[in-house]
$ cat structure.pdb   # PDB, C-alpha atoms
ATOM      1  CA  MET A   1       6.629  18.073 -41.144
ATOM      2  CA  PRO A   2       5.622  14.462 -40.438
ATOM      3  CA  ARG A   3       3.882  13.491 -37.227
ATOM      4  CA  ILE A   4       6.135  11.726 -34.706
ATOM      5  CA  VAL A   5       4.474   8.543 -33.499
ATOM      6  CA  LYS A   6       5.195   7.384 -29.965
ATOM      7  CA  LEU A   7       4.540   3.685 -29.729
ATOM      8  CA  HIS A   8       5.265   3.140 -26.037
ATOM      9  CA  HIS A   9       2.845   0.591 -24.534
ATOM     10  CA  LEU A  10       1.789  -0.412 -28.070
ATOM     11  CA  GLN A  11       2.725  -3.654 -29.751
ATOM     12  CA  LEU A  12       1.844  -4.927 -33.214
ATOM     13  CA  ASN A  13       0.246  -8.386 -32.974
ATOM     14  CA  HIS A  14      -0.760 -10.017 -36.287
ATOM     15  CA  ASN A  15      -1.296  -6.610 -37.969
ATOM     16  CA  THR A  16      -3.413  -5.357 -35.012
ATOM     17  CA  TRP A  17      -2.234  -2.895 -32.362
ATOM     18  CA  ALA A  18      -2.299  -4.140 -28.750
ATOM     19  CA  VAL A  19      -1.760  -2.321 -25.453
ATOM     20  CA  ARG A  20       1.121  -3.746 -23.434
ATOM     21  CA  TYR A  21       1.866  -2.739 -19.822
ATOM     22  CA  GLN A  22       4.175  -4.341 -17.252
ATOM     23  CA  ILE A  23       2.384  -4.871 -13.909
ATOM     24  CA  PRO A  24       4.443  -4.256 -10.727
ATOM     25  CA  LYS A  25       4.898  -7.259  -8.435
ATOM     26  CA  ASP A  26       2.910  -5.834  -5.537
ATOM     27  CA  CYS A  27      -0.141  -5.202  -7.762
ATOM     28  CA  ARG A  28      -0.288  -8.368  -9.857
ATOM     29  CA  HIS A  29      -3.112  -9.868  -7.813
ATOM     30  CA  LEU A  30      -5.319  -7.011  -9.074
ATOM     31  CA  PHE A  31      -4.857  -8.273 -12.642
ATOM     32  CA  GLY A  32      -5.339 -11.986 -12.084
ATOM     33  CA  GLY A  33      -1.720 -12.644 -11.145
ATOM     34  CA  LYS A  34      -0.460 -11.659 -14.604
ATOM     35  CA  ARG A  35       2.842  -9.817 -14.903
ATOM     36  CA  GLU A  36       1.845  -8.134 -18.139
ATOM     37  CA  TYR A  37      -1.369  -6.543 -19.383
ATOM     38  CA  LEU A  38      -1.821  -7.279 -23.093
ATOM     39  CA  LYS A  39      -5.126  -6.388 -24.805
ATOM     40  CA  SER A  40      -6.003  -5.642 -28.394
ATOM     41  CA  THR A  41      -7.052  -2.119 -29.352
ATOM     42  CA  GLY A  42      -9.058  -3.387 -32.312
ATOM     43  CA  TYR A  43      -7.183  -1.105 -34.740
ATOM     44  CA  LYS A  44      -5.131  -2.387 -37.695
ATOM     45  CA  LYS A  45      -1.586  -1.292 -38.546
ATOM     46  CA  PRO A  46      -2.415   1.881 -40.539
ATOM     47  CA  GLU A  47      -4.879   3.113 -37.839
ATOM     48  CA  VAL A  48      -2.143   4.004 -35.357
ATOM     49  CA  ILE A  49      -3.799   7.248 -34.166
ATOM     50  CA  GLY A  50      -6.927   5.384 -33.016
ATOM     51  CA  ALA A  51      -4.713   2.786 -31.337
ATOM     52  CA  GLU A  52      -2.867   5.553 -29.464
ATOM     53  CA  LEU A  53      -6.151   6.937 -28.127
ATOM     54  CA  VAL A  54      -7.268   3.531 -26.878
ATOM     55  CA  ARG A  55      -3.788   2.963 -25.406
ATOM     56  CA  ASP A  56      -3.894   6.254 -23.506
ATOM     57  CA  ILE A  57      -7.259   5.376 -21.945
ATOM     58  CA  LYS A  58      -6.252   1.819 -20.997
ATOM     59  CA  VAL A  59      -2.842   2.808 -19.572
ATOM     60  CA  ALA A  60      -4.419   5.618 -17.543
ATOM     61  CA  THR A  61      -6.988   3.152 -16.157
ATOM     62  CA  ILE A  62      -4.282   0.642 -15.202
ATOM     63  CA  GLN A  63      -2.161   3.332 -13.556
ATOM     64  CA  LYS A  64      -5.150   4.614 -11.600
ATOM     65  CA  ILE A  65      -5.937   1.084 -10.315
ATOM     66  CA  ILE A  66      -2.297   0.660  -9.223
ATOM     67  CA  TRP A  67      -2.163   4.117  -7.621
ATOM     68  CA  ASN A  68      -5.420   3.546  -5.698
ATOM     69  CA  PHE A  69      -4.205   0.181  -4.432
ATOM     70  CA  ARG A  70      -0.873   1.588  -3.270
ATOM     71  CA  ARG A  71      -2.542   4.578  -1.633
ATOM     72  CA  LYS A  72      -4.992   2.338   0.255
ATOM     73  CA  ASP A  73      -2.133   0.058   1.289
ATOM     74  CA  HIS A  74      -0.194   3.054   2.618
ATOM     75  CA  MET A  75      -3.252   4.403   4.445
ATOM     76  CA  LEU A  76      -3.976   0.959   5.941
ATOM     77  CA  HIS A  77      -0.382   0.744   7.213
ATOM     78  CA  LYS A  78      -0.690   4.215   8.747
ATOM     79  CA  VAL A  79      -4.000   3.350  10.465
ATOM     80  CA  MET A  80      -2.646   0.037  11.791
ATOM     81  CA  THR A  81       0.461   1.775  13.189
ATOM     82  CA  GLU A  82      -1.722   4.296  14.996
ATOM     83  CA  LYS A  83      -3.925   1.478  16.330
ATOM     84  CA  VAL A  84      -0.897  -0.393  17.681
ATOM     85  CA  LYS A  85       0.417   2.764  19.358
ATOM     86  CA  LEU A  86      -2.984   3.420  20.908
ATOM     87  CA  MET A  87      -3.351  -0.188  22.044
ATOM     88  CA  THR A  88       0.078  -0.240  23.676
ATOM     89  CA  GLU A  89      -0.690   3.014  25.502
ATOM     90  CA  VAL A  90      -3.989   1.601  26.745
ATOM     91  CA  GLN A  91      -2.317  -1.663  27.748
ATOM     92  CA  ARG A  92       0.417   0.303  29.520
ATOM     93  CA  ASP A  93      -2.109   2.362  31.457
ATOM     94  CA  PHE A  94      -4.102  -0.739  32.344
ATOM     95  CA  ALA A  95      -1.003  -2.632  33.484
ATOM     96  CA  LEU A  96       0.240   0.305  35.559
ATOM     97  CA  LYS A  97      -3.209   0.740  37.123
ATOM     98  CA  ASP A  98      -3.148  -2.937  38.039
ATOM     99  CA  VAL A  99       0.341  -2.564  39.555
ATOM    100  CA  LYS A 100      -0.777   0.497  41.539
ATOM    101  CA  GLU A 101      -3.739  -1.379  43.000
ATOM    102  CA  THR A 102      -1.539  -4.341  43.863
ATOM    103  CA  MET A 103       0.969  -2.045  45.543
ATOM    104  CA  LYS A 104      -1.779  -0.447  47.630
ATOM    105  CA  LEU A 105      -2.789  -3.885  48.812
ATOM    106  CA  HIS A 106       0.792  -4.789  49.711
ATOM    107  CA  ASP A 107       1.631  -1.341  51.100
ATOM    108  CA  ARG A 108       4.660  -0.748  48.843
ATOM    109  CA  ASP A 109       6.419   2.595  48.477
ATOM    110  CA  SER A 110       6.071   4.892  45.450
ATOM    111  CA  ASP A 111       9.749   4.452  44.396
ATOM    112  CA  TYR A 112       9.011   0.840  43.497
ATOM    113  CA  TYR A 113       6.059   1.965  41.358
ATOM    114  CA  ALA A 114       8.193   4.585  39.579
ATOM    115  CA  GLN A 115      10.822   1.948  38.832
ATOM    116  CA  LEU A 116       8.188  -0.398  37.346
ATOM    117  CA  GLU A 117       6.760   2.450  35.281
ATOM    118  CA  ALA A 118      10.219   3.256  33.864
ATOM    119  CA  GLU A 119      10.865  -0.414  33.025
ATOM    120  CA  TYR A 120       7.519  -0.710  31.237
ATOM    121  CA  ASP A 121       8.175   2.496  29.260
ATOM    122  CA  ALA A 122      11.583   1.118  28.207
ATOM    123  CA  LEU A 123       9.941  -2.091  26.994
ATOM    124  CA  LEU A 124       7.375  -0.138  24.972
ATOM    125  CA  GLU A 125      10.079   1.940  23.305
ATOM    126  CA  ALA A 126      11.992  -1.214  22.399
ATOM    127  CA  MET A 127       8.958  -2.562  20.499
TER     128      MET A 127
END
$ encode --input "structure.pdb" --output "structure tokens"
Amino acid sequence: MPRIVKLHHLQLNHNTWAVRYQIPKDCRHLFGGKREYLKSTGYKKPEVIGAELVRDIKVATIQKIIWNFRRKDHMLHKVMTEKVKLMTEVQRDFALKDVKETMKLHDRDSDYYAQLEAEYDALLEAM
């Protein structure tokens, strides 16, 4: 039974096999802004098995670079979201502390403070 050759990500260029991979838009800057990765395997047309081995290594490397970039991007977004939440809580506490001190100076009642606290919480939730 003959061997079935899978030529995905392989292209024949002037009798030499080349690796071809489409780069996603969000990762193109990692590959010099190119939308397609095209590199020679160094193997001629009859040496398709060697070309497949080189292709597998190069495609796996490209996919790992893309995966690492997307994972870091996701983790950065998660960290920045947590930072913003923490900052707004700190800012809220600082602002409410400032309001409390001002109210003590002006001898205001606690209902006014509770109303301000509720308004500030509503603004934070709207963000």
$ closest_residue --input "structure.pdb" --among "A:Gln22, A:Trp17, A:His29, A:Thr61" --to "Gly42 in chain A" --atoms "all atoms listed in the file"
A:Trp17
$ resolve_selection --input "structure.pdb" --expression "the PyMOL selection byres ((chain A and resi 55-57) around 12)" --output "tab-separated table (two decimals) with C-alpha atoms, in the frame of the given file"
chain	number	residue	atom	x	y	z
A	6	LYS	CA	5.20	7.38	-29.96
A	7	LEU	CA	4.54	3.68	-29.73
A	8	HIS	CA	5.26	3.14	-26.04
A	9	HIS	CA	2.84	0.59	-24.53
A	10	LEU	CA	1.79	-0.41	-28.07
A	11	GLN	CA	2.72	-3.65	-29.75
A	17	TRP	CA	-2.23	-2.90	-32.36
A	18	ALA	CA	-2.30	-4.14	-28.75
A	19	VAL	CA	-1.76	-2.32	-25.45
A	20	ARG	CA	1.12	-3.75	-23.43
A	21	TYR	CA	1.87	-2.74	-19.82
A	37	TYR	CA	-1.37	-6.54	-19.38
A	38	LEU	CA	-1.82	-7.28	-23.09
A	39	LYS	CA	-5.13	-6.39	-24.80
A	40	SER	CA	-6.00	-5.64	-28.39
A	41	THR	CA	-7.05	-2.12	-29.35
A	42	GLY	CA	-9.06	-3.39	-32.31
A	43	TYR	CA	-7.18	-1.10	-34.74
A	48	VAL	CA	-2.14	4.00	-35.36
A	49	ILE	CA	-3.80	7.25	-34.17
A	50	GLY	CA	-6.93	5.38	-33.02
A	51	ALA	CA	-4.71	2.79	-31.34
A	52	GLU	CA	-2.87	5.55	-29.46
A	53	LEU	CA	-6.15	6.94	-28.13
A	54	VAL	CA	-7.27	3.53	-26.88
A	58	LYS	CA	-6.25	1.82	-21.00
A	59	VAL	CA	-2.84	2.81	-19.57
A	60	ALA	CA	-4.42	5.62	-17.54
A	61	THR	CA	-6.99	3.15	-16.16
A	62	ILE	CA	-4.28	0.64	-15.20
A	63	GLN	CA	-2.16	3.33	-13.56
A	64	LYS	CA	-5.15	4.61	-11.60
$ residues_around --input "structure.pdb" --residues "Lys44 in chain A" --least-positions-apart "2" --cutoff "6 Å" --atoms "only C-alpha atoms" --output "MDAnalysis selection string"
chainID A and resid 15:16 46:47
$ axis_aligned_box --input "structure.pdb" --around "range 48-58 of chain A" --padding-each-side "4 Å" --output "lines of an AutoDock Vina configuration file"
center_x = -4.7
center_y = 4.5
center_z = -28.2
size_x = 13.1
size_y = 13.4
size_z = 22.4
$ closest_residue --input "structure.pdb" --among "A:Asn13, A:Lys45, A:Gly33, A:Pro24" --to "Arg70 in chain A" --atoms "all atoms listed in the file"
A:Pro24
$ atom_distance --input "structure.pdb" --atom1 "CA of Lys72 in chain A" --atom2 "CA of Lys25 in chain A"
16.3 Å
$ atom_distance --input "structure.pdb" --atom1 "CA of Phe69 in chain A" --atom2 "CA of Lys34 in chain A"
16.1 Å
$ atom_distance --input "structure.pdb" --atom1 "CA of Ile23 in chain A" --atom2 "CA of Ile66 in chain A"
8.6 Å
$ build_atoms --input "structure.pdb" --residues "range 3-22 of chain A" --atoms "N, CA and C atoms" --output "compact mmCIF listing (two decimals), in the frame of the given file"
# COMPACT_ATOMS: atom_id res chain seq x y z
N ARG A 3 4.27 13.70 -38.63
CA ARG A 3 3.88 13.49 -37.23
C ARG A 3 4.79 12.43 -36.61
N ILE A 4 5.29 12.70 -35.41
CA ILE A 4 6.14 11.73 -34.71
C ILE A 4 5.22 10.81 -33.90
N VAL A 5 5.33 9.52 -34.16
CA VAL A 5 4.47 8.54 -33.50
C VAL A 5 5.23 7.94 -32.32
N LYS A 6 4.61 8.01 -31.15
CA LYS A 6 5.20 7.38 -29.96
C LYS A 6 4.45 6.08 -29.72
N LEU A 7 5.17 5.00 -29.82
CA LEU A 7 4.54 3.68 -29.73
C LEU A 7 4.77 3.00 -28.39
N HIS A 8 5.08 3.78 -27.33
CA HIS A 8 5.26 3.14 -26.04
C HIS A 8 3.93 2.53 -25.58
N HIS A 9 4.00 1.38 -24.99
CA HIS A 9 2.84 0.59 -24.53
C HIS A 9 1.98 0.10 -25.69
N LEU A 10 2.50 0.15 -26.91
CA LEU A 10 1.79 -0.41 -28.07
C LEU A 10 2.66 -1.48 -28.70
N GLN A 11 2.01 -2.55 -29.12
CA GLN A 11 2.72 -3.65 -29.75
C GLN A 11 1.89 -4.13 -30.93
N LEU A 12 2.55 -4.44 -32.03
CA LEU A 12 1.84 -4.93 -33.21
C LEU A 12 1.74 -6.44 -33.14
N ASN A 13 0.52 -6.94 -33.06
CA ASN A 13 0.25 -8.39 -32.97
C ASN A 13 -0.60 -8.78 -34.17
N HIS A 14 -0.02 -9.55 -35.11
CA HIS A 14 -0.76 -10.02 -36.29
C HIS A 14 -1.50 -8.87 -36.98
N ASN A 15 -0.77 -7.78 -37.25
CA ASN A 15 -1.30 -6.61 -37.97
C ASN A 15 -2.36 -5.83 -37.17
N THR A 16 -2.46 -6.07 -35.87
CA THR A 16 -3.41 -5.36 -35.01
C THR A 16 -2.64 -4.78 -33.82
N TRP A 17 -2.91 -3.52 -33.49
CA TRP A 17 -2.23 -2.90 -32.36
C TRP A 17 -2.80 -3.41 -31.04
N ALA A 18 -1.90 -3.68 -30.08
CA ALA A 18 -2.30 -4.14 -28.75
C ALA A 18 -1.62 -3.27 -27.70
N VAL A 19 -2.32 -3.07 -26.58
CA VAL A 19 -1.76 -2.32 -25.45
C VAL A 19 -0.97 -3.30 -24.60
N ARG A 20 0.25 -2.89 -24.24
CA ARG A 20 1.12 -3.75 -23.43
C ARG A 20 1.62 -2.93 -22.25
N TYR A 21 1.45 -3.45 -21.03
CA TYR A 21 1.87 -2.74 -19.82
C TYR A 21 2.39 -3.75 -18.81
N GLN A 22 3.58 -3.47 -18.27
CA GLN A 22 4.18 -4.34 -17.25
C GLN A 22 3.55 -4.02 -15.89
